[in-house]
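Peer 1: Supplied structure: start.pdb, PDB, C-alpha atoms.
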```
ATOM      1  CA  MET R   1      -1.018  29.409   6.518
ATOM      2  CA  SER R   2      -2.676  28.501   9.806
ATOM      3  CA  ALA R   3      -3.167  24.919  10.928
ATOM      4  CA  PRO R   4      -6.586  23.330  10.245
ATOM      5  CA  ALA R   5      -9.109  23.749  13.057
ATOM      6  CA  ASP R   6      -9.301  21.063  15.733
ATOM      7  CA  THR R   7     -12.825  19.698  15.184
ATOM      8  CA  VAL R   8     -14.787  16.686  16.478
ATOM      9  CA  LEU R   9     -14.893  15.023  13.059
ATOM     10  CA  ASP R  10     -11.259  15.675  12.235
ATOM     11  CA  ARG R  11     -10.099  14.394  15.618
ATOM     12  CA  ALA R  12     -12.185  11.257  15.018
ATOM     13  CA  ARG R  13     -10.753  10.926  11.495
ATOM     14  CA  GLN R  14      -7.222  11.081  12.851
ATOM     15  CA  ASN R  15      -7.972   8.663  15.705
ATOM     16  CA  ALA R  16      -9.508   6.279  13.156
ATOM     17  CA  GLY R  17      -6.278   6.462  11.153
ATOM     18  CA  LEU R  18      -8.042   7.544   7.975
ATOM     19  CA  SER R  19      -6.769   9.974   5.361
ATOM     20  CA  HIS R  20      -9.270  12.452   3.911
ATOM     21  CA  GLY R  21      -9.400  10.321   0.756
ATOM     22  CA  GLU R  22     -10.074   7.112   2.698
ATOM     23  CA  LEU R  23     -12.815   8.768   4.749
ATOM     24  CA  TYR R  24     -14.411  10.135   1.581
ATOM     25  CA  LEU R  25     -14.426   6.695  -0.043
ATOM     26  CA  ARG R  26     -16.195   5.212   3.004
ATOM     27  CA  TYR R  27     -18.684   8.098   3.040
ATOM     28  CA  PHE R  28     -19.306   7.643  -0.696
ATOM     29  CA  GLU R  29     -19.765   3.881  -0.202
ATOM     30  CA  LEU R  30     -22.538   4.555   2.339
ATOM     31  CA  GLY R  31     -24.344   6.714  -0.212
ATOM     32  CA  GLY R  32     -22.972  10.172   0.690
ATOM     33  CA  MET R  33     -23.765  12.752  -1.993
ATOM     34  CA  SER R  34     -21.251  15.534  -1.234
ATOM     35  CA  SER R  35     -17.968  15.911  -3.105
ATOM     36  CA  ALA R  36     -14.603  15.092  -1.550
ATOM     37  CA  PHE R  37     -13.923  18.821  -1.286
ATOM     38  CA  GLN R  38     -17.236  19.447   0.496
ATOM     39  CA  VAL R  39     -16.628  16.543   2.890
ATOM     40  CA  GLU R  40     -13.252  17.956   3.852
ATOM     41  CA  ALA R  41     -14.888  21.353   4.475
ATOM     42  CA  ILE R  42     -17.504  19.634   6.678
ATOM     43  CA  VAL R  43     -14.802  17.786   8.604
ATOM     44  CA  TYR R  44     -13.070  21.104   9.346
ATOM     45  CA  GLU R  45     -16.422  22.797  10.117
ATOM     46  CA  LEU R  46     -15.881  25.248   7.253
ATOM     47  CA  ALA R  47     -19.162  24.144   5.701
ATOM     48  CA  GLU R  48     -22.364  23.054   7.368
ATOM     49  CA  ALA R  49     -23.643  19.544   6.706
ATOM     50  CA  SER R  50     -27.281  18.512   6.653
ATOM     51  CA  PRO R  51     -28.092  16.206   9.601
ATOM     52  CA  HIS R  52     -28.281  13.307   7.150
ATOM     53  CA  ASP R  53     -24.915  14.087   5.553
ATOM     54  CA  TYR R  54     -23.383  14.452   9.018
ATOM     55  CA  ASP R  55     -24.772  11.067  10.045
ATOM     56  CA  VAL R  56     -23.382   9.347   6.938
ATOM     57  CA  LEU R  57     -19.949  10.754   7.796
ATOM     58  CA  ALA R  58     -20.305   9.884  11.481
ATOM     59  CA  HIS R  59     -21.292   6.334  10.550
ATOM     60  CA  ALA R  60     -18.361   5.994   8.128
ATOM     61  CA  LEU R  61     -16.066   6.906  11.028
ATOM     62  CA  ASN R  62     -17.891   4.697  13.532
ATOM     63  CA  GLU R  63     -17.662   1.655  11.245
ATOM     64  CA  ARG R  64     -13.906   2.213  11.149
ATOM     65  CA  PHE R  65     -13.797   2.387  14.974
ATOM     66  CA  VAL R  66     -15.720  -0.915  15.145
ATOM     67  CA  GLU R  67     -13.117  -2.454  12.787
ATOM     68  CA  LEU R  68     -10.468  -1.284  15.240
ATOM     69  CA  GLY R  69     -12.297  -3.019  18.087
ATOM     70  CA  GLY R  70     -14.025   0.100  19.412
ATOM     71  CA  ASP R  71     -17.615   1.270  19.707
ATOM     72  CA  HIS R  72     -19.481   4.137  18.012
ATOM     73  CA  PRO R  73     -17.745   7.154  19.585
ATOM     74  CA  VAL R  74     -18.889   9.756  17.044
ATOM     75  CA  PRO R  75     -22.338  11.105  17.977
ATOM     76  CA  TYR R  76     -25.077  11.253  15.336
ATOM     77  CA  ALA R  77     -26.901  14.465  14.463
ATOM     78  CA  SER R  78     -30.231  12.622  14.499
ATOM     79  CA  GLU R  79     -29.611  11.396  18.052
ATOM     80  CA  PRO R  80     -29.238  14.538  20.137
TER
ATOM     81  CA  MET J   1      37.694   6.207 -29.987
ATOM     82  CA  THR J   2      38.945   3.009 -31.618
ATOM     83  CA  MET J   3      36.774   0.628 -33.631
ATOM     84  CA  ALA J   4      36.808  -1.830 -30.705
ATOM     85  CA  ASP J   5      35.685   0.928 -28.295
ATOM     86  CA  THR J   6      32.841   1.897 -30.620
ATOM     87  CA  GLU J   7      31.690  -1.701 -30.862
ATOM     88  CA  LEU J   8      31.895  -2.084 -27.082
ATOM     89  CA  THR J   9      29.869   1.095 -26.517
ATOM     90  CA  LEU J  10      27.270  -0.027 -29.038
ATOM     91  CA  ALA J  11      26.994  -3.474 -27.426
ATOM     92  CA  LEU J  12      26.647  -1.879 -23.977
ATOM     93  CA  THR J  13      23.979   0.556 -25.136
ATOM     94  CA  THR J  14      22.001  -2.199 -26.851
ATOM     95  CA  GLN J  15      22.229  -4.447 -23.809
ATOM     96  CA  LEU J  16      21.126  -1.751 -21.370
ATOM     97  CA  SER J  17      18.257  -0.708 -23.656
ATOM     98  CA  GLU J  18      17.051  -4.306 -23.670
ATOM     99  CA  VAL J  19      17.374  -4.432 -19.880
ATOM    100  CA  ALA J  20      15.309  -1.235 -19.570
ATOM    101  CA  ARG J  21      12.621  -2.627 -21.866
ATOM    102  CA  ALA J  22      12.401  -5.918 -19.943
ATOM    103  CA  LEU J  23      12.337  -4.215 -16.544
ATOM    104  CA  PHE J  24       9.565  -1.803 -17.522
ATOM    105  CA  ALA J  25       7.506  -4.579 -19.120
ATOM    106  CA  ALA J  26       7.591  -6.784 -16.015
ATOM    107  CA  GLY J  27       4.299  -5.441 -14.568
ATOM    108  CA  ASP J  28       3.750  -5.542 -10.809
ATOM    109  CA  VAL J  29       6.367  -5.046  -8.094
ATOM    110  CA  SER J  30       6.997  -8.782  -7.490
ATOM    111  CA  SER J  31       7.514  -9.496 -11.199
ATOM    112  CA  THR J  32       9.774  -6.454 -11.511
ATOM    113  CA  LEU J  33      11.896  -7.634  -8.569
ATOM    114  CA  GLN J  34      12.120 -11.103 -10.122
ATOM    115  CA  THR J  35      13.190  -9.601 -13.451
ATOM    116  CA  VAL J  36      15.801  -7.474 -11.661
ATOM    117  CA  VAL J  37      17.537 -10.526 -10.157
ATOM    118  CA  ASP J  38      17.156 -12.605 -13.336
ATOM    119  CA  LEU J  39      18.674  -9.915 -15.524
ATOM    120  CA  ALA J  40      21.392  -8.854 -13.061
ATOM    121  CA  THR J  41      23.197 -12.189 -13.341
ATOM    122  CA  VAL J  42      23.162 -12.148 -17.149
ATOM    123  CA  THR J  43      23.866  -8.427 -17.598
ATOM    124  CA  ILE J  44      26.676  -7.802 -15.109
ATOM    125  CA  GLU J  45      29.692  -9.864 -16.041
ATOM    126  CA  GLY J  46      31.123 -11.759 -13.080
ATOM    127  CA  CYS J  47      27.808 -11.670 -11.186
ATOM    128  CA  ASP J  48      26.841 -15.206 -10.149
ATOM    129  CA  TYR J  49      23.971 -14.446  -7.801
ATOM    130  CA  ALA J  50      21.734 -11.465  -7.215
ATOM    131  CA  SER J  51      19.191 -10.499  -4.610
ATOM    132  CA  VAL J  52      17.004  -7.481  -4.146
ATOM    133  CA  PHE J  53      14.649  -6.225  -1.523
ATOM    134  CA  VAL J  54      12.547  -3.131  -1.044
ATOM    135  CA  GLU J  55      10.936  -1.701   2.033
ATOM    136  CA  HIS J  56       7.718   0.260   1.792
ATOM    137  CA  PRO J  57       6.253   2.092   4.780
ATOM    138  CA  ALA J  58       2.723   0.936   3.920
ATOM    139  CA  ALA J  59       3.530  -2.618   2.822
ATOM    140  CA  ASP J  60       5.581  -5.650   3.734
ATOM    141  CA  ARG J  61       9.231  -5.895   2.963
ATOM    142  CA  ARG J  62       9.614  -7.709  -0.339
ATOM    143  CA  ALA J  63      12.727  -9.720  -1.123
ATOM    144  CA  ILE J  64      13.721 -11.916  -4.038
ATOM    145  CA  ALA J  65      16.960 -13.812  -4.597
ATOM    146  CA  SER J  66      18.253 -15.612  -7.669
ATOM    147  CA  ASP J  67      19.597 -18.405  -5.457
ATOM    148  CA  PRO J  68      19.014 -19.604  -1.858
ATOM    149  CA  LEU J  69      22.721 -19.056  -1.221
ATOM    150  CA  VAL J  70      22.451 -15.298  -1.567
ATOM    151  CA  ALA J  71      19.132 -15.237   0.339
ATOM    152  CA  ARG J  72      20.928 -16.914   3.268
ATOM    153  CA  LEU J  73      23.612 -14.246   3.028
ATOM    154  CA  ASP J  74      20.970 -11.523   3.454
ATOM    155  CA  GLU J  75      19.452 -13.380   6.405
ATOM    156  CA  LEU J  76      22.889 -13.720   7.996
ATOM    157  CA  GLN J  77      23.480  -9.972   7.785
ATOM    158  CA  GLN J  78      20.094  -9.241   9.339
ATOM    159  CA  ARG J  79      20.676 -11.761  12.108
ATOM    160  CA  ILE J  80      24.114 -10.554  13.169
ATOM    161  CA  GLY J  81      23.434  -6.897  12.311
ATOM    162  CA  GLN J  82      26.561  -6.415  10.227
ATOM    163  CA  GLY J  83      27.519  -6.565   6.566
ATOM    164  CA  PRO J  84      27.766  -4.386   3.463
ATOM    165  CA  CYS J  85      24.009  -4.575   2.814
ATOM    166  CA  ILE J  86      23.284  -3.214   6.301
ATOM    167  CA  ASP J  87      25.828  -0.428   5.650
ATOM    168  CA  THR J  88      24.100   0.521   2.382
ATOM    169  CA  LEU J  89      20.711   0.550   4.110
ATOM    170  CA  ARG J  90      22.087   2.916   6.766
ATOM    171  CA  SER J  91      24.118   5.214   4.522
ATOM    172  CA  GLY J  92      22.296   5.037   1.187
ATOM    173  CA  GLN J  93      25.709   4.608  -0.445
ATOM    174  CA  SER J  94      26.938   1.727  -2.569
ATOM    175  CA  VAL J  95      29.566  -0.655  -1.177
ATOM    176  CA  TYR J  96      32.044  -2.746  -3.131
ATOM    177  CA  VAL J  97      33.869  -5.564  -1.372
ATOM    178  CA  GLU J  98      36.614  -7.081  -3.489
ATOM    179  CA  ASP J  99      37.236 -10.020  -1.192
ATOM    180  CA  LEU J 100      34.989 -10.839   1.742
ATOM    181  CA  ALA J 101      37.584 -13.285   3.071
ATOM    182  CA  ALA J 102      40.195 -10.535   3.377
ATOM    183  CA  ASP J 103      38.128  -7.432   4.237
ATOM    184  CA  PRO J 104      38.381  -6.501   7.926
ATOM    185  CA  HIS J 105      35.208  -4.339   7.940
ATOM    186  CA  TRP J 106      32.854  -7.160   8.885
ATOM    187  CA  PRO J 107      34.803  -9.561  11.125
ATOM    188  CA  GLN J 108      31.935 -12.060  11.494
ATOM    189  CA  PHE J 109      30.042 -11.651   8.232
ATOM    190  CA  GLY J 110      33.093 -11.574   5.900
ATOM    191  CA  PRO J 111      34.553 -14.994   6.791
ATOM    192  CA  GLU J 112      31.108 -16.651   7.031
ATOM    193  CA  ALA J 113      30.105 -15.307   3.591
ATOM    194  CA  ALA J 114      33.413 -16.445   2.077
ATOM    195  CA  GLU J 115      32.965 -19.844   3.706
ATOM    196  CA  SER J 116      29.524 -20.172   2.052
ATOM    197  CA  GLY J 117      31.011 -19.478  -1.387
ATOM    198  CA  ILE J 118      30.539 -15.710  -1.868
ATOM    199  CA  ARG J 119      33.829 -13.826  -2.156
ATOM    200  CA  CYS J 120      32.931 -10.571  -3.862
ATOM    201  CA  LEU J 121      29.928  -8.297  -3.349
ATOM    202  CA  LEU J 122      28.652  -5.119  -4.969
ATOM    203  CA  VAL J 123      25.774  -3.576  -3.010
ATOM    204  CA  LEU J 124      23.782  -0.812  -4.674
ATOM    205  CA  PRO J 125      21.046   1.338  -3.128
ATOM    206  CA  LEU J 126      17.595   1.480  -4.784
ATOM    207  CA  SER J 127      15.494   4.458  -3.870
ATOM    208  CA  ALA J 128      12.191   4.099  -5.684
ATOM    209  CA  THR J 129       9.447   6.547  -4.695
ATOM    210  CA  GLY J 130       8.446   6.107  -1.060
ATOM    211  CA  THR J 131      10.625   3.063  -0.605
ATOM    212  CA  PHE J 132      14.175   2.121  -0.029
ATOM    213  CA  GLY J 133      15.848  -1.039  -1.169
ATOM    214  CA  VAL J 134      19.109  -2.717  -1.945
ATOM    215  CA  LEU J 135      20.464  -4.673  -4.902
ATOM    216  CA  ASN J 136      23.146  -7.225  -4.072
ATOM    217  CA  LEU J 137      25.388  -8.482  -6.858
ATOM    218  CA  ALA J 138      27.340 -11.434  -5.529
ATOM    219  CA  ALA J 139      30.241 -13.334  -7.106
ATOM    220  CA  SER J 140      32.033 -16.582  -6.282
ATOM    221  CA  PHE J 141      35.443 -15.137  -7.080
ATOM    222  CA  PRO J 142      37.297 -12.220  -5.481
ATOM    223  CA  ALA J 143      37.628  -8.952  -7.446
ATOM    224  CA  ALA J 144      34.977 -10.170  -9.880
ATOM    225  CA  TYR J 145      33.965  -6.704 -11.055
ATOM    226  CA  GLY J 146      36.120  -4.296 -13.016
ATOM    227  CA  ALA J 147      35.421  -0.561 -13.307
ATOM    228  CA  THR J 148      33.136  -1.097 -16.342
ATOM    229  CA  ASP J 149      31.122  -3.811 -14.558
ATOM    230  CA  ARG J 150      30.675  -1.587 -11.507
ATOM    231  CA  ALA J 151      29.545   1.325 -13.703
ATOM    232  CA  LYS J 152      27.167  -1.013 -15.498
ATOM    233  CA  GLY J 153      25.886  -2.094 -12.076
ATOM    234  CA  VAL J 154      25.113   1.524 -11.162
ATOM    235  CA  ILE J 155      23.189   2.077 -14.431
ATOM    236  CA  PHE J 156      21.384  -1.251 -13.948
ATOM    237  CA  ALA J 157      20.376  -0.234 -10.408
ATOM    238  CA  THR J 158      19.094   3.128 -11.680
ATOM    239  CA  LEU J 159      16.948   1.373 -14.298
ATOM    240  CA  ALA J 160      15.684  -1.062 -11.644
ATOM    241  CA  GLU J 161      14.805   1.895  -9.395
ATOM    242  CA  LEU J 162      12.780   3.599 -12.140
ATOM    243  CA  ALA J 163      11.020   0.369 -13.109
ATOM    244  CA  LEU J 164      10.115  -0.308  -9.454
ATOM    245  CA  THR J 165       8.728   3.207  -9.064
ATOM    246  CA  GLY J 166       6.574   2.609 -12.150
ATOM    247  CA  ALA J 167       5.429  -0.796 -10.878
ATOM    248  CA  GLN J 168       4.520   0.668  -7.482
ATOM    249  CA  THR J 169       2.520   3.486  -9.072
ATOM    250  CA  HIS J 170       0.773   0.925 -11.254
ATOM    251  CA  GLU J 171      -0.108  -1.244  -8.233
ATOM    252  CA  GLU J 172      -1.347   1.796  -6.335
ATOM    253  CA  GLU J 173      -3.608   2.785  -9.246
ATOM    254  CA  ASP J 174      -4.968  -0.768  -9.476
ATOM    255  CA  ARG J 175      -5.667  -0.752  -5.747
ATOM    256  CA  ARG J 176      -7.492   2.590  -6.023
ATOM    257  CA  ALA J 177      -9.572   1.348  -8.956
ATOM    258  CA  ASP J 178     -10.497  -1.832  -7.022
ATOM    259  CA  ASN J 179     -11.476   0.206  -3.952
ATOM    260  CA  LEU J 180     -13.605   2.542  -6.041
ATOM    261  CA  HIS J 181     -15.285  -0.370  -7.792
ATOM    262  CA  GLN J 182     -16.037  -2.023  -4.445
ATOM    263  CA  ALA J 183     -17.402   1.274  -3.076
ATOM    264  CA  LEU J 184     -19.707   1.615  -6.093
ATOM    265  CA  VAL J 185     -21.029  -1.946  -5.664
ATOM    266  CA  THR J 186     -21.747  -1.341  -1.972
ATOM    267  CA  ARG J 187     -23.303   2.054  -2.644
ATOM    268  CA  GLU J 188     -25.648   0.493  -5.165
ATOM    269  CA  LEU J 189     -26.592  -2.291  -2.714
ATOM    270  CA  ILE J 190     -27.364   0.231   0.041
ATOM    271  CA  GLY J 191     -29.424   2.253  -2.464
ATOM    272  CA  ARG J 192     -31.483  -0.831  -3.284
ATOM    273  CA  ALA J 193     -32.084  -1.586   0.397
ATOM    274  CA  GLU J 194     -33.163   2.030   0.973
ATOM    275  CA  GLY J 195     -35.479   1.792  -2.036
ATOM    276  CA  ILE J 196     -37.196  -1.291  -0.589
ATOM    277  CA  LEU J 197     -37.752   0.474   2.742
ATOM    278  CA  MET J 198     -38.955   3.687   1.065
ATOM    279  CA  GLU J 199     -41.460   1.896  -1.081
ATOM    280  CA  ARG J 200     -42.683  -0.435   1.615
ATOM    281  CA  GLU J 201     -42.886   2.031   4.488
ATOM    282  CA  ARG J 202     -43.565   5.203   2.490
ATOM    283  CA  ILE J 203     -40.603   7.011   3.994
ATOM    284  CA  THR J 204     -37.859   9.278   2.626
ATOM    285  CA  SER J 205     -34.392   8.080   1.652
ATOM    286  CA  THR J 206     -32.998   9.873   4.713
ATOM    287  CA  GLN J 207     -35.342   7.900   6.971
ATOM    288  CA  ALA J 208     -34.480   4.681   5.141
ATOM    289  CA  PHE J 209     -30.759   5.311   5.675
ATOM    290  CA  ASP J 210     -31.480   6.009   9.314
ATOM    291  CA  ILE J 211     -33.156   2.593   9.724
ATOM    292  CA  LEU J 212     -30.153   0.850   8.147
ATOM    293  CA  ARG J 213     -27.716   2.922  10.178
ATOM    294  CA  ARG J 214     -29.515   2.213  13.469
ATOM    295  CA  ALA J 215     -29.736  -1.491  12.647
ATOM    296  CA  SER J 216     -26.016  -1.524  11.857
ATOM    297  CA  GLN J 217     -25.308   0.039  15.247
ATOM    298  CA  HIS J 218     -27.836  -2.111  17.109
ATOM    299  CA  LEU J 219     -26.655  -5.405  15.556
ATOM    300  CA  ASN J 220     -22.995  -4.290  15.560
ATOM    301  CA  VAL J 221     -22.499  -5.216  11.902
ATOM    302  CA  LYS J 222     -21.623  -3.059   8.943
ATOM    303  CA  LEU J 223     -24.414  -1.139   7.274
ATOM    304  CA  LYS J 224     -23.495  -2.952   4.061
ATOM    305  CA  GLU J 225     -24.323  -6.305   5.704
ATOM    306  CA  VAL J 226     -27.674  -4.991   6.980
ATOM    307  CA  ALA J 227     -28.491  -3.832   3.435
ATOM    308  CA  GLU J 228     -27.423  -7.182   1.978
ATOM    309  CA  GLU J 229     -29.638  -9.085   4.406
ATOM    310  CA  LEU J 230     -32.617  -6.853   3.635
ATOM    311  CA  VAL J 231     -32.165  -7.168  -0.145
ATOM    312  CA  GLU J 232     -31.785 -10.957   0.093
ATOM    313  CA  THR J 233     -34.549 -11.780   2.574
ATOM    314  CA  GLY J 234     -36.852  -8.788   2.327
ATOM    315  CA  GLU J 235     -37.024  -8.731   6.108
ATOM    316  CA  ARG J 236     -36.956  -5.382   7.861
ATOM    317  CA  PRO J 237     -33.811  -5.128  10.000
ATOM    318  CA  ARG J 238     -34.110  -4.876  13.751
ATOM    319  CA  THR J 239     -33.123  -1.384  14.862
ATOM    320  CA  GLY J 240     -33.623  -1.533  18.619
ATOM    321  CA  PRO J 241     -35.562   1.165  20.463
ATOM    322  CA  ASN J 242     -36.393   4.633  19.031
ATOM    323  CA  ASP J 243     -36.881   3.689  15.415
ATOM    324  CA  PRO J 244     -37.530   7.117  13.861
ATOM    325  CA  ALA J 245     -39.560   5.828  10.924
ATOM    326  CA  ARG J 246     -41.915   3.909  13.171
ATOM    327  CA  ARG J 247     -41.966   6.586  15.858
ATOM    328  CA  GLY J 248     -42.838   9.331  13.381
ATOM    329  CA  ARG J 249     -45.796   7.564  11.785
TER
END
```
Would you give me this structure, written as structure tokens?
Peer 2:
Amino acid sequence: MSAPADTVLDRARQNAGLSHGELYLRYFELGGMSSAFQVEAIVYELAEASPHDYDVLAHALNERFVELGGDHPVPYASEP
Amino acid sequence: MTMADTELTLALTTQLSEVARALFAAGDVSSTLQTVVDLATVTIEGCDYASVFVEHPAADRRAIASDPLVARLDELQQRIGQGPCIDTLRSGQSVYVEDLAADPHWPQFGPEAAESGIRCLLVLPLSATGTFGVLNLAASFPAAYGATDRAKGVIFATLAELALTGAQTHEEEDRRADNLHQALVTRELIGRAEGILMERERITSTQAFDILRRASQHLNVKLKEVAEELVETGERPRTGPNDPARRGR
């Protein structure tokens, strides 16, 4: 089995120190509607997210970076 | 098997069954550790003091002792970096020291432990899921444990290990349930804040989320706090420049 693809969201997830389950819970908390399985597929760019869904995920990650003393490093789909 | 042997076996089985029941009924990890040390001194003949600690990669080290004397003994070993407990932690094997005053293995720890009143020590490894720990059974007299007591100690440690694994799983499930509950509460709050914005500004839920998200970024607070403020005060959050809902109308 090949290693998962190196994607922007997955790199951010790893830098934020979040497991897939932890990221999903944060995404769900913000109102995300996709399943945990779909979110993982989005993170690995195996499924396409709507701009809104992408932004919910990006914000879940960015809130974690703020907790860690950082800024909002993950770009939003609605802010090209 | 003689009548006396049969009675002894029956007594042992009954005692260990009761120990198992008590250990599994203790509840969380701290209560289980407390029960382990409480029961060790009454179950293992010759055992005057007991201490236990477990290390978990995702949590603090947890230690409980039946008496400050044996807690000091653990601290001493950690401080000087030698002792049977340290050996068990490194090797994962049990260690039995008949007489700390006479054993040459730990030239500093042995005499100091004997001086403090502990002569005999049985150290047993505890490997509950995802953790590693040690059970110390200490005695005031040398050669306090016979072969049966040591065997009983091994069974006791195995039961403690299983009970700790159960307690850890239980705690983990509780933590997950709490997190999920908290996530649901927050999700509902954010939904209410979005609803207020949608109704008031005649926008979609996506646009309402965007306002909250931009405000969260602009004010450098969590989106949850922006939603809370909006629900409580009814005031539209400040989003900084480029508010999409305002721009698009």
Peer 1: What are the residues of chain R lining chain J at 9 Å or less? Count all atoms listed in the file, and put the answer as a list in words.
Peer 2: Leu25, Arg26, Phe28, Glu29, Leu30, Gly31, Gly32, His52, Asp55, Val56, His59, Asn62, Glu63, Val66, Asp71, His72 and Ser78 of chain R
Peer 1: List every protein, DNA or RNA residue that has at least one atom no more than 9 Å from (-13.5, 13.7, 0.1) in the file's coordinates, counting only C-alpha atoms, and write the result as a PyMOL selection string.
Peer 2: chain R and resi 20-25+27-28+34-41
Peer 1: Which residues come within 12 Å of Gln15 (chain J), counting all atoms listed in the file, excluding same-chain residues fewer than 2 positions away, as a PDB file with C-alpha atoms, in the frame of the given file?
Peer 2:
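Written output follows (around-v2.pdb):
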```pdb
ATOM      1  CA  LEU J   8      31.895  -2.084 -27.082  1.00  0.00           C
ATOM      2  CA  THR J   9      29.869   1.095 -26.517  1.00  0.00           C
ATOM      3  CA  LEU J  10      27.270  -0.027 -29.038  1.00  0.00           C
ATOM      4  CA  ALA J  11      26.994  -3.474 -27.426  1.00  0.00           C
ATOM      5  CA  LEU J  12      26.647  -1.879 -23.977  1.00  0.00           C
ATOM      6  CA  THR J  13      23.979   0.556 -25.136  1.00  0.00           C
ATOM      7  CA  SER J  17      18.257  -0.708 -23.656  1.00  0.00           C
ATOM      8  CA  GLU J  18      17.051  -4.306 -23.670  1.00  0.00           C
ATOM      9  CA  VAL J  19      17.374  -4.432 -19.880  1.00  0.00           C
ATOM     10  CA  ALA J  20      15.309  -1.235 -19.570  1.00  0.00           C
ATOM     11  CA  ARG J  21      12.621  -2.627 -21.866  1.00  0.00           C
ATOM     12  CA  ALA J  22      12.401  -5.918 -19.943  1.00  0.00           C
ATOM     13  CA  LEU J  39      18.674  -9.915 -15.524  1.00  0.00           C
ATOM     14  CA  ALA J  40      21.392  -8.854 -13.061  1.00  0.00           C
ATOM     15  CA  VAL J  42      23.162 -12.148 -17.149  1.00  0.00           C
ATOM     16  CA  THR J  43      23.866  -8.427 -17.598  1.00  0.00           C
ATOM     17  CA  ILE J  44      26.676  -7.802 -15.109  1.00  0.00           C
ATOM     18  CA  LYS J 152      27.167  -1.013 -15.498  1.00  0.00           C
ATOM     19  CA  ILE J 155      23.189   2.077 -14.431  1.00  0.00           C
ATOM     20  CA  PHE J 156      21.384  -1.251 -13.948  1.00  0.00           C
TER      21      PHE J 156
END
```
Peer 1: Given the PyMOL selection byres ((chain J and resi 96) around 8) and the file above, list the residues it selects as a list of chain:residue names.
Peer 2: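 Taken on the displayed file, the PyMOL selection byres ((chain J and resi 96) around 8) yields the residues J:Ser94, J:Val95, J:Val97, J:Glu98, J:Cys120, J:Leu121, J:Leu122, J:Val123.
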Peer 1: Suppose you want the space between CA of Val29 (chain J) and CA of Ala167 (chain J); what is it in Å?
Peer 2: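 Separation of CA of Val29 (chain J) and CA of Ala167 (chain J): 5.2 Å.
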Peer 1: Find the spatial neighbours of Asn15 (chain R), counting all atoms listed in the file, within a cut-off of 10 Å - ignore same-chain residues fewer than 6 positions away - and output them as an MDAnalysis selection string.
Peer 2: chainID R and resid 9 61 64:65
Peer 1: Could you list, as a list in words, every residue matched by the PyMOL selection byres ((chain J and resi 134) around 10) in this structure?
Peer 2: Ser51, Val52, Phe53, Val54, Glu55, Ala63, Cys85, Ile86, Thr88, Leu89, Gly92, Gln93, Ser94, Val123, Leu124, Pro125, Leu126, Ser127, Phe132, Gly133, Leu135, Asn136, Leu137, Ala157 and Glu161 of chain J
Peer 1: Please dump the current selection as a PDB file, in the coordinates of the input; keep C-alpha atoms.
Peer 2:
```pdb
ATOM      1  CA  SER J  51      19.191 -10.499  -4.610  1.00  0.00           C
ATOM      2  CA  VAL J  52      17.004  -7.481  -4.146  1.00  0.00           C
ATOM      3  CA  PHE J  53      14.649  -6.225  -1.523  1.00  0.00           C
ATOM      4  CA  VAL J  54      12.547  -3.131  -1.044  1.00  0.00           C
ATOM      5  CA  GLU J  55      10.936  -1.701   2.033  1.00  0.00           C
ATOM      6  CA  ALA J  63      12.727  -9.720  -1.123  1.00  0.00           C
ATOM      7  CA  CYS J  85      24.009  -4.575   2.814  1.00  0.00           C
ATOM      8  CA  ILE J  86      23.284  -3.214   6.301  1.00  0.00           C
ATOM      9  CA  THR J  88      24.100   0.521   2.382  1.00  0.00           C
ATOM     10  CA  LEU J  89      20.711   0.550   4.110  1.00  0.00           C
ATOM     11  CA  GLY J  92      22.296   5.037   1.187  1.00  0.00           C
ATOM     12  CA  GLN J  93      25.709   4.608  -0.445  1.00  0.00           C
ATOM     13  CA  SER J  94      26.938   1.727  -2.569  1.00  0.00           C
ATOM     14  CA  VAL J 123      25.774  -3.576  -3.010  1.00  0.00           C
ATOM     15  CA  LEU J 124      23.782  -0.812  -4.674  1.00  0.00           C
ATOM     16  CA  PRO J 125      21.046   1.338  -3.128  1.00  0.00           C
ATOM     17  CA  LEU J 126      17.595   1.480  -4.784  1.00  0.00           C
ATOM     18  CA  SER J 127      15.494   4.458  -3.870  1.00  0.00           C
ATOM     19  CA  PHE J 132      14.175   2.121  -0.029  1.00  0.00           C
ATOM     20  CA  GLY J 133      15.848  -1.039  -1.169  1.00  0.00           C
ATOM     21  CA  LEU J 135      20.464  -4.673  -4.902  1.00  0.00           C
ATOM     22  CA  ASN J 136      23.146  -7.225  -4.072  1.00  0.00           C
ATOM     23  CA  LEU J 137      25.388  -8.482  -6.858  1.00  0.00           C
ATOM     24  CA  ALA J 157      20.376  -0.234 -10.408  1.00  0.00           C
ATOM     25  CA  GLU J 161      14.805   1.895  -9.395  1.00  0.00           C
TER      26      GLU J 161
END
```
Peer 1: Around region 188-206 of chain J, fit a box with edges along x, y and z, padding it by 6 Å on each side, then list its centre and edge lengths in Å to one decimal as lines of an AutoDock Vina configuration file.
Peer 2:
```
center_x = -34.6
center_y = 3.8
center_z = -0.2
size_x = 29.9
size_y = 24.2
size_z = 21.9
```
Peer 1: Output the residue selection produced by the PyMOL selection byres ((chain J and resi 196) around 12) on the file above, formatted as a PyMOL selection string.
Peer 2: chain J and resi 189-195+197-205+208-209+211-212+227-237
Peer 1: By how many Å are CA of Leu76 (chain J) and CA of Asp99 (chain J) apart?
Peer 2: 17.4 Å
Peer 1: Of the residues R:Pro75, R:Leu68, R:Gln14, R:Ala5, which is the one nearest to Ile42 (chain R), using all atoms listed in the file?
Peer 2: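 Of all the options, R:Ala5 lies closest to Ile42 (chain R).
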Peer 1: Using only C-alpha atoms, pick whichever of R:Ala77, R:Glu67, R:Met33, R:Asp6 has the shortest atom-to-atom distance to Tyr54 (chain R).
Peer 2: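 Closest candidate: R:Ala77.
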